[in-house]
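Heads up: the structure comes next, in structure tokens.
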Amino acid sequence: MARRIVERVFPDWRDGRAIALKLAQVVWLTVVWMMLWGTLSVANAVAGAGVALLILAVLPLPPVPVEGRLHVLSLLRLLAVFTVLMLRSSLQVAWFAIRPSPPPLSAVLRAKVTVKSDLVLTLLVDAMNLVPGTVVLDVDAERRLLYVHVIDVGTEKGVRGFYRDTALMEKLFVAAFERDTEWHPSPMHGIDDEYHHVTAEQRTHVGEPRHVAEPEHHSRGKEKP
């Protein structure tokens, strides 16, 4: 019985980093439990850990492969750039709200990214959604395409700025979480390029605004005059 519970909580026990991620979930749920009760004690911590294990056993989430490696300095750089983008976009949206002019032209743009991991792709999408003025409406995981609603596309400068910022965020996420030299395939997957639909050739364009904007260039080329 105990073995079944352990296998249910840790279905990917062969991957040490996946186990570490599960343990982090247990710790986080335990902290939330203690915060809800408002009491810091050993008994409360033990009870919270038991509830956390029960939640993970009864209501398990789909396993998320951990296939890269965290680089703290690159993560700090990512957070710094992300903060700057958020502040700049907040000021821009605020100006659009108070300026005595018509609302800016908005549209849905496609951006092609080449992150391998679905986990990193999710983090990238979440970060883009937190930046005022951009909302990811849909994700084509197979082709690695993001469909993003952008608030200001009235000028070529605004469009280029969106693709430049997206390429920069992609580059920083790759540097922080999934460098090619340290890629660690998960035992739950087969060949990574087949599963993640990202080829080695595509990875040479990481962080290039022109590559991120490639789907838009192709679609424009097919338009009839």
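Residues are referred to by chain and number: the chain letter is A, B, ... according to the order shown in the structure tokens, the number counts from 1 in that chain, and ligands are numbered separately from 1 in the order shown.
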Please list as a PDB file with N, CA and C atoms, in the first residue's frame every residue within 10 Å of A:Phe177, counting only C-alpha atoms and excluding residues in the same chain fewer than 4 positions away.
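Saved file out.pdb follows:
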```
ATOM      1  N   VAL A  66      11.503  17.760 -16.241  1.00  0.00           N
ATOM      2  CA  VAL A  66      12.515  18.768 -15.945  1.00  0.00           C
ATOM      3  C   VAL A  66      13.758  18.362 -16.728  1.00  0.00           C
ATOM      4  N   GLU A  67      14.018  19.062 -17.832  1.00  0.00           N
ATOM      5  CA  GLU A  67      15.032  18.589 -18.768  1.00  0.00           C
ATOM      6  C   GLU A  67      16.189  19.553 -18.961  1.00  0.00           C
ATOM      7  N   GLY A  68      16.172  20.654 -18.270  1.00  0.00           N
ATOM      8  CA  GLY A  68      17.265  21.604 -18.390  1.00  0.00           C
ATOM      9  C   GLY A  68      18.010  21.741 -17.076  1.00  0.00           C
ATOM     10  N   ARG A  69      18.692  22.861 -16.927  1.00  0.00           N
ATOM     11  CA  ARG A  69      19.442  23.122 -15.699  1.00  0.00           C
ATOM     12  C   ARG A  69      19.344  24.611 -15.387  1.00  0.00           C
ATOM     13  N   LEU A  70      19.060  24.925 -14.143  1.00  0.00           N
ATOM     14  CA  LEU A  70      18.877  26.312 -13.739  1.00  0.00           C
ATOM     15  C   LEU A  70      20.221  27.001 -13.554  1.00  0.00           C
ATOM     16  N   HIS A  71      20.351  28.196 -14.163  1.00  0.00           N
ATOM     17  CA  HIS A  71      21.528  29.042 -13.989  1.00  0.00           C
ATOM     18  C   HIS A  71      21.090  30.300 -13.251  1.00  0.00           C
ATOM     19  N   VAL A  72      21.581  30.464 -12.043  1.00  0.00           N
ATOM     20  CA  VAL A  72      21.093  31.523 -11.165  1.00  0.00           C
ATOM     21  C   VAL A  72      21.396  32.904 -11.735  1.00  0.00           C
ATOM     22  N   SER A  74      21.911  33.823 -14.846  1.00  0.00           N
ATOM     23  CA  SER A  74      21.075  34.064 -16.015  1.00  0.00           C
ATOM     24  C   SER A  74      19.631  34.313 -15.606  1.00  0.00           C
ATOM     25  N   LEU A  75      19.176  33.629 -14.550  1.00  0.00           N
ATOM     26  CA  LEU A  75      17.823  33.861 -14.051  1.00  0.00           C
ATOM     27  C   LEU A  75      17.684  35.270 -13.488  1.00  0.00           C
ATOM     28  N   VAL A 115      12.070  27.226 -27.943  1.00  0.00           N
ATOM     29  CA  VAL A 115      12.344  26.572 -26.663  1.00  0.00           C
ATOM     30  C   VAL A 115      11.929  25.111 -26.768  1.00  0.00           C
ATOM     31  N   SER A 117      11.590  22.710 -24.043  1.00  0.00           N
ATOM     32  CA  SER A 117      10.784  22.173 -22.952  1.00  0.00           C
ATOM     33  C   SER A 117       9.403  22.816 -22.913  1.00  0.00           C
ATOM     34  N   LEU A 119       7.733  22.976 -20.240  1.00  0.00           N
ATOM     35  CA  LEU A 119       7.748  23.733 -18.989  1.00  0.00           C
ATOM     36  C   LEU A 119       8.281  25.142 -19.218  1.00  0.00           C
ATOM     37  N   VAL A 120       9.401  25.254 -19.942  1.00  0.00           N
ATOM     38  CA  VAL A 120       9.970  26.574 -20.228  1.00  0.00           C
ATOM     39  C   VAL A 120       9.058  27.367 -21.145  1.00  0.00           C
ATOM     40  N   LEU A 172      16.826  34.817 -23.110  1.00  0.00           N
ATOM     41  CA  LEU A 172      17.104  34.795 -21.679  1.00  0.00           C
ATOM     42  C   LEU A 172      16.554  33.534 -21.022  1.00  0.00           C
ATOM     43  N   PHE A 173      15.381  33.065 -21.444  1.00  0.00           N
ATOM     44  CA  PHE A 173      14.823  31.835 -20.886  1.00  0.00           C
ATOM     45  C   PHE A 173      15.680  30.633 -21.253  1.00  0.00           C
ATOM     46  N   GLU A 182      23.755  21.487 -21.887  1.00  0.00           N
ATOM     47  CA  GLU A 182      23.373  20.858 -20.621  1.00  0.00           C
ATOM     48  C   GLU A 182      21.986  20.241 -20.687  1.00  0.00           C
ATOM     49  N   TRP A 183      21.501  19.988 -21.873  1.00  0.00           N
ATOM     50  CA  TRP A 183      20.157  19.447 -22.014  1.00  0.00           C
ATOM     51  C   TRP A 183      20.103  18.019 -21.485  1.00  0.00           C
TER      52      TRP A 183
END
```
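Considering only C-alpha atoms, the residue among A:Leu130, A:Met35, A:Val148, A:Leu105 positioned nearest to A:Leu87 is A:Leu130.
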Write out as a ChimeraX atom specification which residues come within 12 Å of A:Ala47 when counting only C-alpha atoms, dropping same-chain ones fewer than 5 positions away. /A:26-27,29-34,37,39-42,52-54
Export of prior selection with C-alpha atoms as a PDB file, in the first residue's frame:
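Generated output (part.pdb):
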```
ATOM      1  CA  VAL A  26       5.337  19.245  -0.807  1.00  0.00           C
ATOM      2  CA  VAL A  27       7.294  22.002   0.937  1.00  0.00           C
ATOM      3  CA  LEU A  29       1.918  23.091   0.177  1.00  0.00           C
ATOM      4  CA  THR A  30       3.165  22.641   3.739  1.00  0.00           C
ATOM      5  CA  VAL A  31       4.054  26.340   3.941  1.00  0.00           C
ATOM      6  CA  VAL A  32       0.608  27.270   2.594  1.00  0.00           C
ATOM      7  CA  TRP A  33      -1.011  25.020   5.220  1.00  0.00           C
ATOM      8  CA  MET A  34       0.932  26.680   8.023  1.00  0.00           C
ATOM      9  CA  TRP A  37      -3.501  28.123  10.243  1.00  0.00           C
ATOM     10  CA  THR A  39       0.721  28.773  13.706  1.00  0.00           C
ATOM     11  CA  LEU A  40       4.412  27.912  13.414  1.00  0.00           C
ATOM     12  CA  SER A  41       4.929  24.583  15.156  1.00  0.00           C
ATOM     13  CA  VAL A  42       6.345  21.131  14.517  1.00  0.00           C
ATOM     14  CA  ALA A  52       0.440  17.840   0.969  1.00  0.00           C
ATOM     15  CA  LEU A  53       1.281  14.176   0.333  1.00  0.00           C
ATOM     16  CA  LEU A  54      -2.421  13.317   0.416  1.00  0.00           C
TER      17      LEU A  54
END
```
Two-atom distance - atom CA of A:Leu123, atom CA of A:Val58 (Å): 25.9 Å
Would you write out, as a Markdown table, a table of all residues in stretch 64-149 of chain A that have an atom no more than 9 Å from an atom of stretch 167-170 of chain A, listing for each the closest atom pair and the distance in Å to one decimal, considering only C-alpha atoms and ordering rows by chain and rising residue number?
```
| residue | atom | partner | partner_atom | distance |
| --- | --- | --- | --- | --- |
| A:Leu78 | CA | A:Met169 | CA | 7.4 |
| A:Val81 | CA | A:Met169 | CA | 8.2 |
| A:Phe82 | CA | A:Met169 | CA | 7.7 |
| A:Ala111 | CA | A:Ala167 | CA | 8.9 |
| A:Val113 | CA | A:Glu170 | CA | 6.9 |
| A:Thr114 | CA | A:Glu170 | CA | 7.9 |
| A:Val115 | CA | A:Glu170 | CA | 7.3 |
| A:Leu124 | CA | A:Glu170 | CA | 7.2 |
| A:Ala127 | CA | A:Met169 | CA | 8.7 |
| A:Met128 | CA | A:Met169 | CA | 8.6 |
```
